[in-house]
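Q: Pasting in a structure now, in structure tokens, and then I'll have a few things to ask.
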Amino acid sequence: MQIYVCVKHVPDSAANIHMIDNRNIDDSVPFLMNPYDEHAVTEAAALKKQIPDSEIIAVCLGKKDAESTLRSALAMGADRGVLVETDDMCDSMTTARVLHAAIIRDGGADIILTGKESIDSEGMQTQFRIGALFDFPVVTNAASLEITNGKARVGCELAGGRTRTYELTLPCVIGAGRGLNTPIYPTFPDVVKSRKKPIETVARSQLNVSDAPGSAKIISMTPLVQKRNPRKIIGTPAEQAAEIIRILRQEAKVLS
Amino acid sequence: MKQAGIVIEMENGRVKETSLGMITLAGRTADSLTAMVMSGITDDITDHLSEYGVHTIVDLSLPDAPEIRRNPAVQATAVVHAARELKLDRILGLSSPEGKDLLPRVAALLDAPLIMDCVDADLKTGTATTSQYSGKMMAKIQLTGEILMFGVRPNAVLPESKPVPAKTIAMTMDAVVPENIILLSRDEADTEGRQSLAEADIIIAGGRGLKNKDNFSLIFDCAEKLNAAPAASRVAVDEGWVPYAFQVGQTGEKVSPQVYIACGISGSIQHFAGMKTAKMIIAVNKDENTAMMANCDYQVQGDLFAILPEIMRQL
Amino acid sequence: MTKKYDAIIIGAGVIGSPIAYELCKMGYKTLNVDKLPDAGEGSTAGSCAIVRAHYSTEDGVALAYEGFKYWLDWENYLDNVTDEKGLAKYMNTGSILIKSDGHDWRKVKKHYDAVGVKYEEWDLDTIKKHVPPIDLHKHWPVRRPEDPSFFDEPTEMLEGAIFCPEGGYVNDPALSAHNIMRAAEAKGGEFMFNAEVVDIRSENGRVKGITLKDGTQIDADIVVNVGGPHSFKINQMAEGVWEGCNIKTKSLRHEVMYCPSPEDYDYLNDGYHMSDGDIGCYVRPEVGNMFLIGSEDPECDPQEWVDPDQFYAGKGGPGRDNVLTDAQWKAQCYRLGKRIPSLKVPNQPKGVVDLYDCSDDWIPVYDKSDLPGFYMAIGTSGNQYKNAPVVGRMMAELIDACEKGLDHDKEPFHYEFKYTTRTLNVGFFSRKREINYDSSFSVNG
């Protein structure tokens, strides 16, 4: 089975994000693999265990530095990596087209795994667009995956502990959620071994991707700082509780 | 002319408040509003929608069989069909759990740009405001294309009444039942009747201060009394006190309720990333020197094991 | 109205609090001021709180061994005070010092003999028996993962280790400072928080008091600088003090990582504190069955000297601000991964970045200053947490002696240990000393 995993190189969620102008962030902060993509890679490694002779190919669209995220994917169990290099910020319509072209150029996919969203642009849609370009069925926020007889049975999480179960025919696209697995992180010997695995670099221009009929571009960005001035609620627990209830009723008007 | 189509979500046969808020948002910049309803139209629904400014109400006429009607791939096809038939050039839906599984499908089929989780949108200029970088930034985004799509964050805008006369139409469409994606079961829940995190007006969340799994039931009990959604910080999830689905934060759910009650949560940068857009934050903590206590609207220094039972007793 | 105190202590961390506690017990009326909201919230909170005896000087070993006794006797030391936050706990794990080219362990052993520290010599089999997942190949010299030879196969084996059964860590360093604050308060000490010192006032060649950012002036005949990473800035506020120090302090950025233990190893309950100069790391257990991985500052690692105010405000940029870096995360985790090959290293760094108040020779300055009435307990260089209670007592006695007329610069004060029988020439920690080349020039002191 050919398992493709799309991974994204994103700023560490703990980093202090600063702007360099009103559109771009200072990208000298640490970049890591998108956390949801870790679940996609881990699931790919589990599938390979289940279905021997499988090959896991990690694909990434990004700057040259994104190679380190592909290295992480290789250390976690991917067999090889493809980096489509670009310095441009790509929206999801373009990203999906590029990843689609890169996968076609590389071979045929039996299954494509992605994270359910990236923590930088938070678009939540690239997996659906890849699916549409291939005409593969798509599900997102997968919490369980079982493959038997060319079909994938996938449990997907909605909020509040609700789930939906789907049956997809392969090939298909699956957006991994946090509930899917516990990421399997590499040991130092895994890292040493993965250094020998190949990463192919392709320039985005080499893929001849046609322009999308629409676009989404950031025109300005501002740090979200919400200054709150705490007011103290004092008294006995009963008095404090009464005041909280009063606030919920009279100020926030969320309680009748 | 900006013809906006709005995907309506229902709950217990009524239009959700959060859907009405989205109608209000769309009505500010669109020339006409078309509501797309999936579950059949009643007079109540028509009255309700027209009261908030909807001009046209479309019954998407989905097939009756629940497993087909509820399949988001089927719903997406119906929305796409209606959008083309009615020449809609703006499509809005909620960035709710269901919306996250539907709107991107529609966008992919239409090959149209989509911004999810918008807190604001201008349908005339085609711009949207949404959070990026784990909620640390607010980005204003320009969309271009024939049809532009917006996933609106629930509760981003409160509904405002704006009565207009409305007409209803029914779509006719051959239900395309996809063979490659079958919905086997829907919304299986071990948390029957609980508020969804993304849409709740009140969220009551517990963290390290709850100390153990047994104590965490206090959060669930209190949530039930307040008709709030229970939630947890990452510590509580990592410790195994509650399932991941309840986690609010950078790697959990991002929420903007009217009120967020943080109980025994110190307030890491990652937790704030998931809830700092809440309209009001009430922090309950023994320790006054936590980030949550410093960045809230109401600071309740005290023992949550005394205060929460008091709230339940007094309600 | 200005309140008058006998002594103002700048800082309410794990060193500032016990100085106040001991001065109170001696009858002084003290006030601690701290710019943060509570005791121990500064660099104390970022401390690994390791309690171990190995230092590169005999006095260093002796002080640590004396300090150890305080942690064992914590409740008594605090005079059984109650703290609503609970009490910090000393966790005895035993301490393994790997014999390596990265430590002058022969010297440490000699000091152990001289001071009377209990220890065992372990061969490789013994180490393996106590730490099953360990690999005992020799990796020296310490390198960074950016260096391709970092990944070379090791061929030689280590020699063994020195094991001290007495050693471990304190589970909550901030809480330990808070405990001592409560103990000091019980003896009449006062604490003022969210109070930033902007000036040290002096008059007629003697310290007079401090001025806070909001303009408040507080007077005292004695002012003690225990400002941690801010110590050099405080010294610069006091007339002639900075200039009068031959040993200076600066703040050094330091990252400590938390990496999950291999699943089949209960490191939290079965693990040891270990100093491993061969890979430039020290480790101790952390809640959640984690390895806490500190760095012994190998030469190949960059040193970032930063402005403490910028740092704590999250400014200065990656590698200089208060966020972990991916490069250092990989360096420290992969180094430990050589020793514990089954260690799984997450992609996202998890840990603590904080500052050392680092002196020129990584040995602290516990001394008076050139401004009469102004004292300092600074330059702790990441290696003094364990000594905090004994340093509190020592500083209090030093201050008392100087105030009673002792010329400590001419006739250094000798501190008599309370638990072990030994006296320490406090002149060892003098600001006037020449750089002590016996030091390891690292967190090991």
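The chains in the structure tokens are called A, B, ... from first to last as shown; in each chain the residues are counted from 1, and the ligands are counted from 1 in the order shown.
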Within 8 Å of chain C, which residues belong to chain A? Use only C-alpha atoms and report them as JSON, numbers by chain.

A: {"A": [12, 14, 15, 16, 28, 29, 30, 31, 32, 33, 72, 184, 185, 186, 187, 188, 189, 192]}

Q: Would you mind exporting the chosen residues as an mmCIF file, in the first residue's frame, restricted to C-alpha atoms?

A:
data_model
loop_
_atom_site.group_PDB
_atom_site.id
_atom_site.type_symbol
_atom_site.label_atom_id
_atom_site.label_comp_id
_atom_site.auth_asym_id
_atom_site.auth_seq_id
_atom_site.Cartn_x
_atom_site.Cartn_y
_atom_site.Cartn_z
ATOM 1 C CA ASP A 12 6.019 26.051 17.788
ATOM 2 C CA ALA A 14 4.644 27.893 22.631
ATOM 3 C CA ALA A 15 6.654 30.508 20.722
ATOM 4 C CA ASN A 16 6.221 34.230 21.220
ATOM 5 C CA SER A 28 12.863 33.167 13.173
ATOM 6 C CA VAL A 29 10.876 31.355 15.899
ATOM 7 C CA PRO A 30 11.254 27.565 16.208
ATOM 8 C CA PHE A 31 9.218 25.643 13.630
ATOM 9 C CA LEU A 32 8.032 22.080 14.208
ATOM 10 C CA MET A 33 5.771 19.499 12.638
ATOM 11 C CA SER A 72 10.885 14.283 12.082
ATOM 12 C CA ILE A 184 5.018 7.491 18.649
ATOM 13 C CA TYR A 185 8.095 9.567 19.098
ATOM 14 C CA PRO A 186 11.488 8.438 17.888
ATOM 15 C CA THR A 187 14.320 7.204 20.054
ATOM 16 C CA PHE A 188 17.868 8.323 19.417
ATOM 17 C CA PRO A 189 18.640 5.102 17.475
ATOM 18 C CA VAL A 192 20.304 7.853 13.659
#

Q: Just want the 9 Å neighbourhood of C:Met395, counted on only C-alpha atoms, with same-chain residues fewer than 2 positions away dropped. Output as a list of chain:residue names.

A: C:Ile19, C:Glu22, C:Leu23, C:Tyr366, C:Asp367, C:Tyr375, C:Met376, C:Ala377, C:Val390, C:Val391, C:Gly392, C:Arg393, C:Glu397, C:Leu398, C:Ile399, C:Asp400

Q: Residues of chain A no more than 7 Å from chain B, counting only C-alpha atoms: send them over as an NGL selection string.

A: :A and (13-14 or 93 or 119-123 or 125 or 128-129 or 132 or 137 or 140 or 158-169 or 179 or 213-224 or 228-234 or 237-238 or 240-242 or 252 or 254)

Q: Which of stretch 293-432 of chain C counts as strand (DSSP E) under DSSP, as number ranges by chain please?

A: C: 293-295, 351-359, 365-368, 374-378, 414-416, 423-425

Q: Kindly provide, as a list in words, the residues of chain B having any atom no farther than 9 Å from an atom of chain C, counting only C-alpha atoms.

A: Glu239, Asp287, Glu288 and Asn289 of chain B

Q: I'd like the neighbourhood of B:Met149 as number ranges by chain, where a residue qualifies if any of its atoms comes within 6 Å (using only C-alpha atoms), though same-chain residues fewer than 3 positions away should be ignored.

A: B: 90-92, 114

Q: Quick one: pull the distance between atom CA of C:Pro372 and atom CA of C:Glu243, Å, one decimal.

A: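 Straight-line distance from atom CA of C:Pro372 to atom CA of C:Glu243 works out to 14.1 Å.
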
Q: If you run DSSP on this backbone, which residues of stretch 154-399 of chain C come out as alpha helix (DSSP H), and could you give them as a PyMOL selection string?

A: chain C and resi 173-186+231-237+267-270+308-312+326-339+388-399

Q: Name the residues in contact with C:Ile218 at a cut-off of 12 Å, using only C-alpha atoms, excluding same-chain residues fewer than 5 positions from it; report them as an MDAnalysis selection string.

A: chainID C and resid 1:10 30:33 192 195 197:202 207:213 223

Q: If you count only C-alpha atoms, which residues fall within 9 Å of C:Ser56, apart from same-chain ones fewer than 5 positions away, as an MDAnalysis selection string?

A: chainID C and resid 61 103:105 107:108 111 438:440 444:445

Q: Generate a file of the selected residues that holds N, CA and C atoms, formatted as a PDB file, in the first residue's frame.

A:
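To be explicit, this is the file written out as selection.pdb:
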ATOM      1  N   VAL C  61      31.716  21.168  48.644  1.00  0.00           N
ATOM      2  CA  VAL C  61      31.176  19.870  49.071  1.00  0.00           C
ATOM      3  C   VAL C  61      30.669  19.963  50.513  1.00  0.00           C
ATOM      4  N   HIS C 103      33.919  15.533  34.121  1.00  0.00           N
ATOM      5  CA  HIS C 103      33.964  15.928  35.528  1.00  0.00           C
ATOM      6  C   HIS C 103      35.319  15.564  36.097  1.00  0.00           C
ATOM      7  N   ASP C 104      35.802  16.402  37.002  1.00  0.00           N
ATOM      8  CA  ASP C 104      37.025  16.021  37.692  1.00  0.00           C
ATOM      9  C   ASP C 104      36.613  15.170  38.899  1.00  0.00           C
ATOM     10  N   TRP C 105      36.150  13.950  38.614  1.00  0.00           N
ATOM     11  CA  TRP C 105      35.537  13.132  39.663  1.00  0.00           C
ATOM     12  C   TRP C 105      36.539  12.658  40.703  1.00  0.00           C
ATOM     13  N   LYS C 107      38.843  14.468  42.016  1.00  0.00           N
ATOM     14  CA  LYS C 107      38.875  15.554  42.989  1.00  0.00           C
ATOM     15  C   LYS C 107      37.626  15.482  43.891  1.00  0.00           C
ATOM     16  N   VAL C 108      36.478  15.228  43.257  1.00  0.00           N
ATOM     17  CA  VAL C 108      35.228  15.127  44.027  1.00  0.00           C
ATOM     18  C   VAL C 108      35.361  14.040  45.084  1.00  0.00           C
ATOM     19  N   HIS C 111      37.394  15.131  47.960  1.00  0.00           N
ATOM     20  CA  HIS C 111      36.619  16.014  48.850  1.00  0.00           C
ATOM     21  C   HIS C 111      35.614  15.213  49.670  1.00  0.00           C
ATOM     22  N   ASP C 438      39.805  26.469  40.607  1.00  0.00           N
ATOM     23  CA  ASP C 438      39.424  25.107  40.990  1.00  0.00           C
ATOM     24  C   ASP C 438      37.970  24.817  40.603  1.00  0.00           C
ATOM     25  N   SER C 439      37.246  25.865  40.256  1.00  0.00           N
ATOM     26  CA  SER C 439      35.828  25.695  39.918  1.00  0.00           C
ATOM     27  C   SER C 439      35.678  24.914  38.620  1.00  0.00           C
ATOM     28  N   SER C 440      34.527  24.287  38.475  1.00  0.00           N
ATOM     29  CA  SER C 440      34.249  23.570  37.227  1.00  0.00           C
ATOM     30  C   SER C 440      33.779  24.548  36.144  1.00  0.00           C
ATOM     31  N   ASN C 444      27.905  22.736  37.961  1.00  0.00           N
ATOM     32  CA  ASN C 444      28.397  21.865  39.024  1.00  0.00           C
ATOM     33  C   ASN C 444      29.126  22.626  40.123  1.00  0.00           C
ATOM     34  N   GLY C 445      29.489  23.877  39.851  1.00  0.00           N
ATOM     35  CA  GLY C 445      30.087  24.723  40.887  1.00  0.00           C
ATOM     36  C   GLY C 445      31.496  24.329  41.235  1.00  0.00           C
TER      37      GLY C 445
END

Q: Using only C-alpha atoms, pick whichever of A:Asp110, A:Asp211, A:Asp53, A:Asp37 has the shortest atom-to-atom distance to A:Arg97.

A: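 Closest to A:Arg97 of all the choices is A:Asp211.
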
Q: Taking into account only C-alpha atoms, which residue in the set A:Ile25, A:Ala73, A:Ala66, A:Ile3 is nearest to A:Ala44?

A: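 The shortest atom-to-atom distance to A:Ala44 comes from A:Ile3.
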
Q: Counting only C-alpha atoms, what is within 10 Å of C:Phe417, bar same-chain residues fewer than 6 positions away, as a VMD selection string?

A: chain C and resid 62 to 63 66 to 67 390 393 to 394 423 to 424

Q: For C:Leu124, list every protein, DNA or RNA residue within 9 Å, evaluated using only C-alpha atoms, and leave out those in the same chain fewer than 4 positions away; present the list as number ranges by chain.

A: C: 128-129, 136, 157-161

Q: Just C-alpha atoms for this one: save the residues we selected as a PDB file, in the first residue's frame.

A:
ATOM      1  CA  LYS C 128      23.295  -1.379  34.821  1.00  0.00           C
ATOM      2  CA  LYS C 129      21.687  -3.309  37.658  1.00  0.00           C
ATOM      3  CA  LEU C 136      27.340   2.759  29.135  1.00  0.00           C
ATOM      4  CA  MET C 157      33.041   2.031  27.457  1.00  0.00           C
ATOM      5  CA  LEU C 158      32.790   4.251  30.517  1.00  0.00           C
ATOM      6  CA  GLU C 159      34.748   3.508  33.702  1.00  0.00           C
ATOM      7  CA  GLY C 160      32.013   3.470  36.295  1.00  0.00           C
ATOM      8  CA  ALA C 161      30.401   5.864  38.725  1.00  0.00           C
TER       9      ALA C 161
END

Q: Interatomic distance between atom CA of A:Leu61 and atom CA of B:Val152?

A: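 Atom CA of B:Val152 lies 27.6 Å from atom CA of A:Leu61.
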
Q: Atom CA of C:Ser17 and atom CA of C:Asp79, how far apart in Å?

A: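 Answer for the atom CA of C:Asp79 to atom CA of C:Ser17 separation: 14.5 Å.
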